[in-house]
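S.K.: Structure supplied as target04.txt; contents: compact mmCIF, C-alpha atoms.
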# COMPACT_ATOMS: atom_id res chain seq x y z
CA MET D 1 296.79 -44.64 102.28
CA SER D 2 293.32 -43.79 103.64
CA LYS D 3 291.82 -45.89 106.44
CA HIS D 4 290.27 -49.23 105.64
CA ILE D 5 286.72 -49.24 104.41
CA GLU D 6 283.83 -50.31 106.62
CA GLN D 7 281.92 -53.54 106.16
CA ALA D 8 278.75 -51.50 105.54
CA GLU D 9 280.47 -49.78 102.62
CA ILE D 10 281.45 -53.16 101.23
CA THR D 11 278.02 -54.71 101.42
CA GLY D 12 276.21 -51.50 100.45
CA PHE D 13 278.64 -50.41 97.74
CA ASP D 14 275.96 -50.31 95.08
CA THR D 15 273.92 -47.80 97.07
CA LEU D 16 276.74 -45.36 97.87
CA GLY D 17 276.61 -41.81 96.58
CA ASP D 18 279.16 -40.63 94.01
CA ASP D 19 281.60 -39.10 96.49
CA ARG D 20 281.67 -42.05 98.85
CA ARG D 21 281.82 -44.50 95.98
CA ASN D 22 284.87 -42.72 94.57
CA LEU D 23 286.59 -42.83 97.97
CA VAL D 24 285.99 -46.57 98.24
CA LEU D 25 287.29 -47.13 94.70
CA THR D 26 290.39 -45.06 95.42
CA HIS D 27 291.06 -47.11 98.53
CA VAL D 28 290.48 -50.57 97.09
CA ALA D 29 292.71 -49.74 94.13
CA GLU D 30 295.57 -49.37 96.63
CA CYS D 31 294.66 -51.75 99.46
CA SER D 32 294.71 -55.41 98.50
CA SER D 33 293.08 -56.67 101.70
CA CYS D 34 290.12 -54.29 101.40
CA ARG D 35 289.92 -55.14 97.73
CA ALA D 36 289.72 -58.82 98.57
CA ALA D 37 286.89 -58.21 101.05
CA TRP D 38 285.10 -55.94 98.60
CA LEU D 39 285.28 -58.54 95.83
CA VAL D 40 283.84 -61.33 97.95
CA GLU D 41 280.43 -59.67 97.55
CA ASP D 42 280.71 -59.68 93.76
CA GLY D 43 283.88 -60.47 91.82
CA SER D 44 282.72 -58.47 88.79
CA ARG D 45 282.90 -55.33 90.95
CA LEU D 46 286.58 -55.32 90.15
CA PHE D 47 285.77 -53.77 86.80
CA SER D 48 284.32 -50.70 88.54
CA LEU D 49 287.96 -49.68 88.92
CA LEU D 50 288.07 -49.16 85.16
CA SER D 51 286.29 -45.85 85.75
CA ARG D 52 289.78 -44.71 86.69
CA THR D 53 291.31 -45.76 83.39
CA PRO D 54 292.72 -42.56 81.93
CA ILE D 55 292.29 -41.75 78.27
CA PRO D 56 295.58 -40.36 76.95
CA GLU D 57 295.33 -36.58 76.63
CA HIS D 58 296.81 -36.54 73.13
CA ARG D 59 293.99 -38.82 71.92
CA LEU D 60 291.44 -36.44 73.41
CA ASP D 61 293.09 -33.49 71.68
CA GLU D 62 293.05 -35.50 68.45
CA LEU D 63 289.31 -36.05 68.93
CA SER D 64 288.68 -32.33 69.45
CA ALA D 65 290.59 -31.54 66.24
CA ARG D 66 288.64 -34.16 64.28
CA VAL D 67 285.30 -32.92 65.58
CA SER D 68 286.21 -29.32 64.83
CA ALA D 69 287.21 -30.17 61.25
CA ALA D 70 284.03 -32.19 60.70
CA VAL D 71 281.83 -29.41 62.06
CA ASN D 72 283.65 -26.88 59.85
CA ASP D 73 282.76 -29.01 56.84
CA LEU D 74 279.13 -29.03 57.94
CA THR D 75 278.93 -25.33 58.66
CA PRO D 76 279.74 -22.80 55.95
CA SER D 77 281.96 -20.07 57.34
CA THR D 78 280.78 -16.45 57.26
CA ALA D 79 283.05 -15.70 54.31
CA ARG D 80 281.78 -18.72 52.44
CA ARG D 81 278.18 -17.71 53.24
CA HIS D 82 278.83 -14.21 51.87
CA ARG D 83 280.40 -15.64 48.74
CA PHE D 84 277.40 -17.92 48.33
CA HIS D 85 274.95 -15.02 48.71
CA ALA D 86 276.87 -12.88 46.21
CA ALA D 87 276.92 -15.74 43.74
CA ALA D 88 273.19 -16.31 44.22
CA VAL D 89 272.39 -12.61 43.59
CA ALA D 90 274.64 -12.53 40.49
CA ALA D 91 273.02 -15.67 39.12
CA SER D 92 269.53 -14.19 39.68
CA LEU D 93 270.46 -10.96 37.88
CA LEU D 94 271.99 -12.87 34.97
CA LEU D 95 268.89 -15.05 34.67
CA ALA D 96 266.64 -11.96 34.71
CA ALA D 97 268.75 -10.30 31.98
CA VAL D 98 268.69 -13.36 29.76
CA LEU D 99 264.96 -13.87 30.18
CA GLY D 100 264.34 -10.15 29.57
CA GLY D 101 266.32 -10.25 26.32
CA VAL D 102 264.56 -13.37 25.13
CA LEU D 103 261.13 -11.95 25.89
CA TRP D 104 261.94 -8.57 24.36
CA ASN D 105 263.03 -10.09 21.03
CA HIS D 106 260.33 -12.70 20.88
CA GLU D 107 257.85 -12.38 17.98
CA TRP D 108 254.42 -12.99 19.33
CA PRO D 109 251.87 -14.78 17.07
CA SER D 110 249.79 -11.69 16.33
CA GLU D 111 247.67 -13.47 13.68
CA GLN D 112 246.69 -16.12 16.18
CA ALA D 113 245.77 -13.46 18.70
CA ALA D 114 243.54 -11.76 16.15
CA THR D 115 241.86 -15.05 15.34
CA MET D 116 241.18 -15.63 18.99
CA HIS D 117 239.63 -12.20 19.14
CA ARG D 118 237.41 -12.97 16.15
CA ILE D 119 236.27 -16.24 17.65
CA GLU D 120 235.06 -14.39 20.69
CA ALA D 121 233.23 -11.94 18.45
CA LEU D 122 231.35 -14.54 16.40
CA PRO D 123 227.64 -13.81 16.24
CA VAL D 124 224.95 -16.27 17.15
CA LEU D 125 224.50 -18.83 14.38
CA ASP D 126 222.22 -17.73 11.58
CA ASP D 127 220.03 -20.15 9.75
CA GLU D 128 222.83 -20.88 7.33
CA VAL D 129 226.50 -20.65 8.35
CA ALA D 130 229.44 -21.77 6.17
CA GLY D 131 227.44 -24.32 4.19
CA MET D 132 225.54 -25.56 7.19
CA GLN D 133 221.82 -25.17 7.32
CA VAL D 134 219.80 -25.07 10.50
CA VAL D 135 216.99 -27.52 9.91
CA GLU D 136 215.37 -27.53 13.32
CA THR D 137 215.49 -25.53 16.58
CA PRO D 138 213.75 -27.72 19.20
CA GLY D 139 214.60 -25.45 22.13
CA ARG D 140 216.35 -22.26 23.00
CA ASP D 141 219.72 -24.01 23.40
CA SER D 142 219.29 -26.75 20.76
CA ARG D 143 219.99 -26.76 17.08
CA VAL D 144 219.96 -29.40 14.36
CA LEU D 145 222.30 -28.56 11.50
CA ASP D 146 222.52 -30.13 8.07
CA LEU D 147 226.01 -30.22 6.62
CA LYS D 148 226.37 -31.32 3.06
CA VAL D 149 229.90 -32.29 2.02
CA GLY D 150 229.93 -33.48 -1.57
CA GLY D 151 227.35 -36.29 -1.81
CA THR D 152 227.41 -36.94 1.96
CA GLN D 153 224.84 -35.53 4.32
CA ILE D 154 225.81 -35.02 7.97
CA LEU D 155 223.29 -34.02 10.59
CA MET D 156 224.77 -32.30 13.63
CA ILE D 157 222.79 -31.87 16.83
CA PHE D 158 223.82 -29.23 19.33
CA ASP D 159 222.09 -29.40 22.68
CA GLU D 160 223.56 -28.12 25.96
CA SER D 161 221.41 -30.53 27.92
CA ILE D 162 222.99 -33.60 26.31
CA ASP D 163 225.29 -35.10 28.94
CA LEU D 164 227.97 -37.24 27.37
CA MET C 165 283.82 -18.69 82.27
CA ARG C 166 280.43 -20.07 81.24
CA ASP C 167 278.75 -22.80 83.27
CA GLU C 168 277.49 -25.96 81.59
CA PRO C 169 273.83 -24.92 81.06
CA GLN C 170 275.03 -21.64 79.51
CA LEU C 171 277.47 -23.50 77.26
CA ILE C 172 274.66 -25.78 76.10
CA ARG C 173 272.35 -22.82 75.38
CA ASP C 174 275.06 -20.92 73.49
CA ALA C 175 276.21 -23.97 71.55
CA SER C 176 272.63 -24.79 70.54
CA ALA C 177 272.36 -21.23 69.20
CA GLY C 178 275.33 -21.93 66.92
CA ASP C 179 278.16 -20.55 69.08
CA ARG C 180 281.21 -22.54 67.93
CA ALA C 181 283.42 -21.49 70.85
CA ALA C 182 280.77 -22.71 73.29
CA PHE C 183 280.45 -25.98 71.39
CA ASP C 184 284.23 -26.53 71.39
CA GLU C 185 284.27 -25.93 75.14
CA LEU C 186 281.41 -28.39 75.59
CA VAL C 187 283.36 -31.00 73.63
CA ARG C 188 286.40 -30.44 75.87
CA LEU C 189 284.18 -30.83 78.93
CA LYS C 190 282.56 -34.08 77.85
CA ARG C 191 285.07 -35.77 75.58
CA GLU C 192 286.79 -37.98 78.14
CA ARG C 193 283.50 -39.39 79.43
CA VAL C 194 282.24 -40.03 75.89
CA VAL C 195 285.48 -41.70 74.76
CA ARG C 196 285.75 -43.79 77.93
CA THR C 197 282.16 -45.03 77.65
CA ALA C 198 282.56 -45.78 73.94
CA PHE C 199 285.89 -47.49 74.63
CA GLN C 200 284.43 -49.76 77.32
CA VAL C 201 281.49 -50.69 75.09
CA THR C 202 283.46 -51.22 71.87
CA GLY C 203 286.64 -52.55 73.48
CA ASP C 204 288.90 -50.61 71.13
CA LEU C 205 290.23 -47.08 71.50
CA ASP C 206 290.37 -46.32 67.77
CA ASP C 207 286.77 -47.48 67.40
CA ALA C 208 285.86 -45.41 70.44
CA MET C 209 287.40 -42.35 68.78
CA ASP C 210 285.24 -42.90 65.69
CA VAL C 211 282.15 -43.37 67.83
CA ALA C 212 282.95 -40.26 69.88
CA GLN C 213 283.42 -38.18 66.74
CA SER C 214 280.04 -39.26 65.40
CA VAL C 215 278.47 -38.50 68.80
CA PHE C 216 279.78 -34.93 68.84
CA ILE C 217 278.74 -34.33 65.24
CA LYS C 218 275.24 -35.54 66.13
CA LEU C 219 275.41 -33.23 69.13
CA TRP C 220 276.23 -30.24 66.92
CA GLN C 221 273.46 -31.10 64.47
CA GLY C 222 270.83 -31.89 67.10
CA LEU C 223 271.61 -29.63 70.02
CA ASP C 224 268.79 -27.26 69.10
CA ARG C 225 266.38 -30.16 69.67
CA TYR C 226 267.74 -30.91 73.15
CA ASP C 227 265.05 -30.54 75.82
CA SER C 228 266.69 -28.53 78.59
CA ARG C 229 264.28 -29.99 81.16
CA ARG C 230 266.10 -33.31 80.80
CA ARG C 231 269.54 -34.09 82.16
CA PHE C 232 272.15 -33.34 79.51
CA ASP C 233 274.49 -36.18 80.52
CA THR C 234 271.68 -38.72 80.27
CA TRP C 235 271.02 -37.56 76.71
CA LEU C 236 274.73 -37.64 75.88
CA TYR C 237 275.15 -41.14 77.34
CA ARG C 238 272.15 -42.28 75.32
CA VAL C 239 273.61 -40.99 72.05
CA THR C 240 277.01 -42.49 72.94
CA VAL C 241 275.73 -45.92 73.93
CA ASN C 242 273.43 -46.16 70.91
CA ALA C 243 276.28 -45.20 68.57
CA ALA C 244 278.63 -47.70 70.25
CA ILE C 245 276.08 -50.51 70.10
CA ASP C 246 275.36 -49.75 66.44
CA PHE C 247 279.10 -49.81 65.82
CA ILE C 248 279.70 -53.22 67.38
CA ARG C 249 276.58 -54.67 65.77
CA GLY C 250 278.07 -53.67 62.45
CA ARG C 251 281.20 -55.66 63.14
CA GLY C 252 280.22 -59.29 63.33
CA PRO C 253 277.43 -61.61 62.28
CA LYS C 254 276.08 -61.82 65.83
CA GLY C 255 276.93 -58.29 66.83
CA THR C 256 279.32 -59.49 69.48
CA ILE C 257 282.49 -57.74 70.45
CA GLN C 258 285.75 -59.08 69.14
CA PRO C 259 288.01 -59.95 72.07
CA LEU C 260 291.20 -57.93 72.05
CA PRO C 261 294.42 -59.78 71.28
CA ASP C 262 297.10 -60.00 73.94
CA ASP C 263 299.14 -57.33 72.26
CA PRO C 264 301.87 -55.90 74.47
CA THR C 265 301.77 -52.67 72.47
CA ASP C 266 298.08 -52.19 73.16
CA THR C 267 297.99 -48.44 73.57
CA ILE C 268 295.58 -47.56 76.33
CA ALA C 269 296.49 -50.56 78.48
CA GLU C 270 300.17 -49.74 78.42
CA GLU C 271 299.63 -46.08 79.17
CA ALA C 272 297.30 -46.96 82.05
CA ILE C 273 299.90 -49.24 83.58
CA GLU C 274 302.32 -46.36 83.82
CA ILE C 275 299.76 -44.16 85.53
CA GLU C 276 298.50 -46.57 88.20
CA ALA C 277 300.75 -49.46 89.06
CA ARG C 278 299.27 -50.59 92.38
CA LEU C 279 296.35 -52.38 90.83
CA ASP C 280 297.35 -53.33 87.33
CA LEU C 281 294.67 -51.33 85.55
CA GLY C 282 296.15 -52.13 82.17
CA ALA C 283 295.88 -55.86 82.79
CA LEU C 284 292.42 -55.40 84.25
CA GLN C 285 291.35 -53.45 81.16
CA LYS C 286 292.59 -56.24 78.92
CA ALA C 287 290.76 -58.82 81.00
CA PHE C 288 287.52 -56.82 80.76
CA SER C 289 287.81 -56.24 77.03
CA ARG C 290 288.40 -59.94 76.49
CA LEU C 291 285.66 -61.21 78.81
CA ALA C 292 283.12 -58.60 77.72
CA GLY C 293 283.44 -60.07 74.23
CA GLY C 294 281.12 -62.78 75.51
CA LEU C 295 278.38 -60.33 76.45
CA ALA C 296 275.51 -59.16 74.28
CA PRO C 297 275.96 -55.47 73.34
CA LYS C 298 273.13 -54.31 75.61
CA GLN C 299 274.43 -56.34 78.55
CA ARG C 300 277.82 -54.77 78.05
CA ALA C 301 276.37 -51.28 77.77
CA ALA C 302 274.30 -51.73 80.94
CA PHE C 303 277.33 -53.01 82.83
CA VAL C 304 279.55 -50.15 81.63
CA LEU C 305 276.99 -47.50 82.58
CA ARG C 306 276.17 -49.01 85.97
CA GLU C 307 279.47 -50.39 87.19
CA ILE C 308 282.10 -48.32 85.41
CA GLU C 309 280.34 -44.99 84.94
CA GLY C 310 278.52 -45.41 88.25
CA LEU C 311 275.03 -44.41 87.06
CA GLU C 312 271.97 -45.37 89.10
CA THR C 313 269.96 -48.27 87.68
CA SER C 314 267.05 -45.90 87.01
CA GLU C 315 269.29 -43.60 84.99
CA VAL C 316 270.76 -46.52 83.05
CA ALA C 317 267.18 -47.43 82.17
CA ARG C 318 266.53 -43.88 80.92
CA VAL C 319 269.76 -43.86 78.91
CA MET C 320 268.98 -47.21 77.29
CA GLY C 321 265.27 -46.52 76.90
CA VAL C 322 264.25 -49.73 78.68
CA ALA C 323 262.56 -50.70 81.96
CA GLU C 324 264.61 -50.88 85.16
CA SER C 325 263.80 -54.58 85.40
CA THR C 326 265.38 -55.07 81.98
CA VAL C 327 268.51 -53.27 83.14
CA ARG C 328 268.66 -55.46 86.27
CA ASN C 329 268.37 -58.53 84.08
CA HIS C 330 271.17 -57.30 81.77
CA LEU C 331 273.34 -56.60 84.85
CA PHE C 332 272.64 -59.99 86.37
CA GLN C 333 273.68 -61.78 83.18
CA ALA C 334 276.74 -59.57 82.68
CA ARG C 335 277.99 -59.99 86.26
CA LYS C 336 277.50 -63.75 86.09
CA THR C 337 279.47 -64.04 82.83
CA LEU C 338 282.26 -61.71 83.95
CA LYS C 339 282.63 -63.30 87.38
CA ALA C 340 282.87 -66.77 85.87
CA GLY C 341 285.41 -65.52 83.32
CA LEU C 342 287.53 -63.87 85.99
CA GLU C 343 287.65 -67.02 88.10
CA ARG C 344 288.42 -69.19 85.10
CA ASP C 345 290.89 -67.05 83.13
CA TYR C 346 292.24 -64.47 85.57
CA PRO C 347 292.51 -66.11 89.00
CA GLU C 348 295.21 -63.61 89.98
CA PHE C 349 292.47 -60.97 90.24
CA VAL C 350 290.19 -63.11 92.37
CA PRO C 351 290.88 -63.07 96.11
CA ARG C 352 291.05 -66.30 98.09
CA GLY C 353 288.98 -66.05 101.28
CA THR C 354 287.45 -62.79 102.42
CA GLY C 355 290.71 -61.02 103.12
CA LYS C 356 288.85 -59.05 105.77
CA LYS C 357 290.61 -60.82 108.65
CA ASP C 358 294.03 -59.99 107.25
CA ARG C 359 293.55 -56.22 107.35
Here is the file; what I need is its structure written in the form of structure tokens.
M.R.:
Amino acid sequence: MSKHIEQAEITGFDTLGDDRRNLVLTHVAECSSCRAAWLVEDGSRLFSLLSRTPIPEHRLDELSARVSAAVNDLTPSTARRHRFHAAAVAASLLLAAVLGGVLWNHEWPSEQAATMHRIEALPVLDDEVAGMQVVETPGRDSRVLDLKVGGTQILMIFDESIDL
Amino acid sequence: MRDEPQLIRDASAGDRAAFDELVRLKRERVVRTAFQVTGDLDDAMDVAQSVFIKLWQGLDRYDSRRRFDTWLYRVTVNAAIDFIRGRGPKGTIQPLPDDPTDTIAEEAIEIEARLDLGALQKAFSRLAGGLAPKQRAAFVLREIEGLETSEVARVMGVAESTVRNHLFQARKTLKAGLERDYPEFVPRGTGKKDR
């Protein structure tokens, strides 16, 4: 057994460095008289000795195994990563092939396209267009049209400056 | 053989061997701290597992200018406190039963018979059931793990005065419990004269 601890180490236990603290703990764990003196300062100090409680090695090995398995689940292995990349490339190629086939065989609405083209090519309105008659042209960008449908007369005013 | 800073750098870069070595290096401290805070070894194992998984996921965010152990203690204590808060309505620790097959206590008795560490561990687990989780954590870090008060404050993310207050309350409760329930641990007289 090491020599008894000094009174200064008992009263100043809380300020000791790690090495000295460990020596005191080792001693008081074995020496009941020093332990008694050491506890007079503060009985709850006794629980400092629990720093020496060993954790069974087999439980620590069990922990390492559990952590390793959990991390494996979180981290795809290299082989799994390669398989994932190959699957991703194959899926992309398949998608491209399917889309290509669909687009290649698709019948585009050619009539509609032609109509669109004609709309763009429409000339500026004449005085009479498709049954409508221009009755007044107050400005360069304004027109008043008269549309007769059966017995009904509809006047239509076109003016870019009208803000709805 | 890699030193600890190198292990941390390599593990944070995704080196599994370095991470496994880091776990081996720190596992006893993490389990012991979690055990003293939760009062149950199986619970401590669950807490320790979650701590190391968080470590693996967050190691790349670790600021190497800070002390690694302080960071690890912080993660451990927070996980342990969260664990015991999830147990009961008031977040208190359930006192351990006097079970003679209690694993860690029995194994400890075999290892150190001079002071009955197993009995002392049981006494602590039972008495610490009366402490608030943060009081218990502060006591474990300061008195059992031997951290400076300033470091306990950094680990717990509170002011040093708060830690001192937690310690004062914890010591008072534990001392009273020892004298009341475990007089065999409490010396009569100073004992100094007898040495």
S.K.: With only C-alpha atoms as the atoms that count, which of D:Ala37, D:Leu46, D:Val102, D:Ala65 lies nearest to chain C?
M.R.: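 Of D:Ala37, D:Leu46, D:Val102, D:Ala65, the one nearest chain C, counting only C-alpha atoms, is D:Ala37.
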S.K.: So that I can check the surroundings of Gly139 in chain D, please list as a ChimeraX atom specification every protein, DNA and RNA residue that reaches within 12 Å of it, counting all atoms listed in the file and ignoring chain neighbours fewer than 4 positions away.
M.R.: /D:143-144,157-161
S.K.: Mind pulling up the distance from CA of Ala340 in chain C to CA of Val201 in chain C?
M.R.: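 Distance reported for this atom pair: 19.4 Å.
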S.K.: Please compute the CA of Arg166 in chain C-CA of Arg191 in chain C distance, one decimal, in Å.
M.R.: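 Straight-line distance from CA of Arg166 in chain C to CA of Arg191 in chain C works out to 17.3 Å.
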S.K.: Would you mind telling me which residue in C:Met165, C:Ala177, C:Leu171, C:Val195 lies nearest to Glu57 in chain D when using only C-alpha atoms?
M.R.: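 Closest to Glu57 in chain D of all the choices is C:Val195.
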S.K.: Taking only C-alpha atoms into account, find every residue of chain D that has an atom no more than 6 Å from chain C, and write it out as an mmCIF file with C-alpha atoms, in the frame of the given file.
M.R.:
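Written out: out.cif:
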data_model
loop_
_atom_site.group_PDB
_atom_site.id
_atom_site.type_symbol
_atom_site.label_atom_id
_atom_site.label_comp_id
_atom_site.auth_asym_id
_atom_site.auth_seq_id
_atom_site.Cartn_x
_atom_site.Cartn_y
_atom_site.Cartn_z
ATOM 1 C CA ALA D 29 292.710 -49.740 94.130
ATOM 2 C CA GLU D 30 295.570 -49.370 96.630
ATOM 3 C CA SER D 33 293.080 -56.670 101.700
ATOM 4 C CA ALA D 36 289.720 -58.820 98.570
ATOM 5 C CA ALA D 37 286.890 -58.210 101.050
ATOM 6 C CA VAL D 40 283.840 -61.330 97.950
ATOM 7 C CA GLY D 43 283.880 -60.470 91.820
ATOM 8 C CA SER D 44 282.720 -58.470 88.790
ATOM 9 C CA SER D 48 284.320 -50.700 88.540
ATOM 10 C CA SER D 51 286.290 -45.850 85.750
ATOM 11 C CA VAL D 67 285.300 -32.920 65.580
#
S.K.: CA of Val211 in chain C and CA of Ser176 in chain C, how far apart in Å?
M.R.: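 Between CA of Ser176 in chain C and CA of Val211 in chain C the gap is 21.1 Å.
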S.K.: Neighbours of Gln333 in chain C within 9 Å (all atoms listed in the file; same-chain residues fewer than 5 positions away dropped), as a VMD selection string?
M.R.: chain C and resid 295 299 328 338
S.K.: If you count only C-alpha atoms, which residues fall within 12 Å of Thr326 in chain C, apart from same-chain ones fewer than 5 positions away, as a CSV table (one decimal) with C-alpha atoms, in the frame of the given file?
M.R.:
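Generated output (out.csv):
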chain,number,residue,atom,x,y,z
C,298,LYS,CA,273.1,-54.3,75.6
C,299,GLN,CA,274.4,-56.3,78.6
C,302,ALA,CA,274.3,-51.7,80.9
C,313,THR,CA,270.0,-48.3,87.7
C,314,SER,CA,267.0,-45.9,87.0
C,316,VAL,CA,270.8,-46.5,83.0
C,317,ALA,CA,267.2,-47.4,82.2
C,318,ARG,CA,266.5,-43.9,80.9
C,320,MET,CA,269.0,-47.2,77.3
C,321,GLY,CA,265.3,-46.5,76.9
C,331,LEU,CA,273.3,-56.6,84.8
C,332,PHE,CA,272.6,-60.0,86.4
C,333,GLN,CA,273.7,-61.8,83.2
S.K.: Using 3 Å of padding on each side, determine the axis-aligned box around all atoms of range 133-150 of chain D present in the file and give its centre and edge lengths in Å to one decimal, as JSON.
M.R.:
{"center_x": 221.8, "center_y": -27.9, "center_z": 10.9, "size_x": 22.2, "size_y": 17.2, "size_z": 31.0}
S.K.: For Val134 in chain D, which residue among D:Asp18, D:Asp146, D:Asp73, D:Glu9 is the nearest when counting all atoms listed in the file?
M.R.: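 Looking at the shortest contact to Val134 in chain D, the residue is D:Asp146.
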S.K.: What would range 53-66 of chain D look like with N, CA and C atoms in place, written as a PDB file, in the coordinates of the input?
M.R.:
ATOM      1  N   THR D  53     290.409 -45.621  84.541  1.00  0.00           N
ATOM      2  CA  THR D  53     291.310 -45.760  83.390  1.00  0.00           C
ATOM      3  C   THR D  53     291.424 -44.420  82.665  1.00  0.00           C
ATOM      4  N   PRO D  54     292.599 -43.861  82.613  1.00  0.00           N
ATOM      5  CA  PRO D  54     292.720 -42.560  81.930  1.00  0.00           C
ATOM      6  C   PRO D  54     292.761 -42.727  80.420  1.00  0.00           C
ATOM      7  N   ILE D  55     292.162 -41.800  79.732  1.00  0.00           N
ATOM      8  CA  ILE D  55     292.290 -41.750  78.270  1.00  0.00           C
ATOM      9  C   ILE D  55     293.446 -40.796  77.979  1.00  0.00           C
ATOM     10  N   PRO D  56     294.422 -41.239  77.209  1.00  0.00           N
ATOM     11  CA  PRO D  56     295.580 -40.360  76.950  1.00  0.00           C
ATOM     12  C   PRO D  56     295.145 -38.995  76.409  1.00  0.00           C
ATOM     13  N   GLU D  57     295.723 -37.953  76.961  1.00  0.00           N
ATOM     14  CA  GLU D  57     295.330 -36.580  76.630  1.00  0.00           C
ATOM     15  C   GLU D  57     295.511 -36.281  75.131  1.00  0.00           C
ATOM     16  N   HIS D  58     296.568 -36.846  74.553  1.00  0.00           N
ATOM     17  CA  HIS D  58     296.810 -36.540  73.130  1.00  0.00           C
ATOM     18  C   HIS D  58     295.718 -37.136  72.254  1.00  0.00           C
ATOM     19  N   ARG D  59     295.107 -38.259  72.696  1.00  0.00           N
ATOM     20  CA  ARG D  59     293.990 -38.820  71.920  1.00  0.00           C
ATOM     21  C   ARG D  59     292.759 -37.934  72.036  1.00  0.00           C
ATOM     22  N   LEU D  60     292.586 -37.340  73.221  1.00  0.00           N
ATOM     23  CA  LEU D  60     291.440 -36.440  73.410  1.00  0.00           C
ATOM     24  C   LEU D  60     291.603 -35.175  72.571  1.00  0.00           C
ATOM     25  N   ASP D  61     292.832 -34.668  72.524  1.00  0.00           N
ATOM     26  CA  ASP D  61     293.090 -33.490  71.680  1.00  0.00           C
ATOM     27  C   ASP D  61     292.871 -33.824  70.201  1.00  0.00           C
ATOM     28  N   GLU D  62     293.261 -35.041  69.839  1.00  0.00           N
ATOM     29  CA  GLU D  62     293.050 -35.500  68.450  1.00  0.00           C
ATOM     30  C   GLU D  62     291.553 -35.530  68.139  1.00  0.00           C
ATOM     31  N   LEU D  63     290.771 -36.000  69.122  1.00  0.00           N
ATOM     32  CA  LEU D  63     289.310 -36.050  68.930  1.00  0.00           C
ATOM     33  C   LEU D  63     288.757 -34.638  68.723  1.00  0.00           C
ATOM     34  N   SER D  64     289.181 -33.702  69.573  1.00  0.00           N
ATOM     35  CA  SER D  64     288.680 -32.330  69.450  1.00  0.00           C
ATOM     36  C   SER D  64     288.983 -31.769  68.057  1.00  0.00           C
ATOM     37  N   ALA D  65     290.196 -32.045  67.579  1.00  0.00           N
ATOM     38  CA  ALA D  65     290.590 -31.540  66.240  1.00  0.00           C
ATOM     39  C   ALA D  65     289.717 -32.175  65.155  1.00  0.00           C
ATOM     40  N   ARG D  66     289.468 -33.477  65.288  1.00  0.00           N
ATOM     41  CA  ARG D  66     288.640 -34.160  64.280  1.00  0.00           C
ATOM     42  C   ARG D  66     287.219 -33.637  64.281  1.00  0.00           C
TER      43      ARG D  66
END
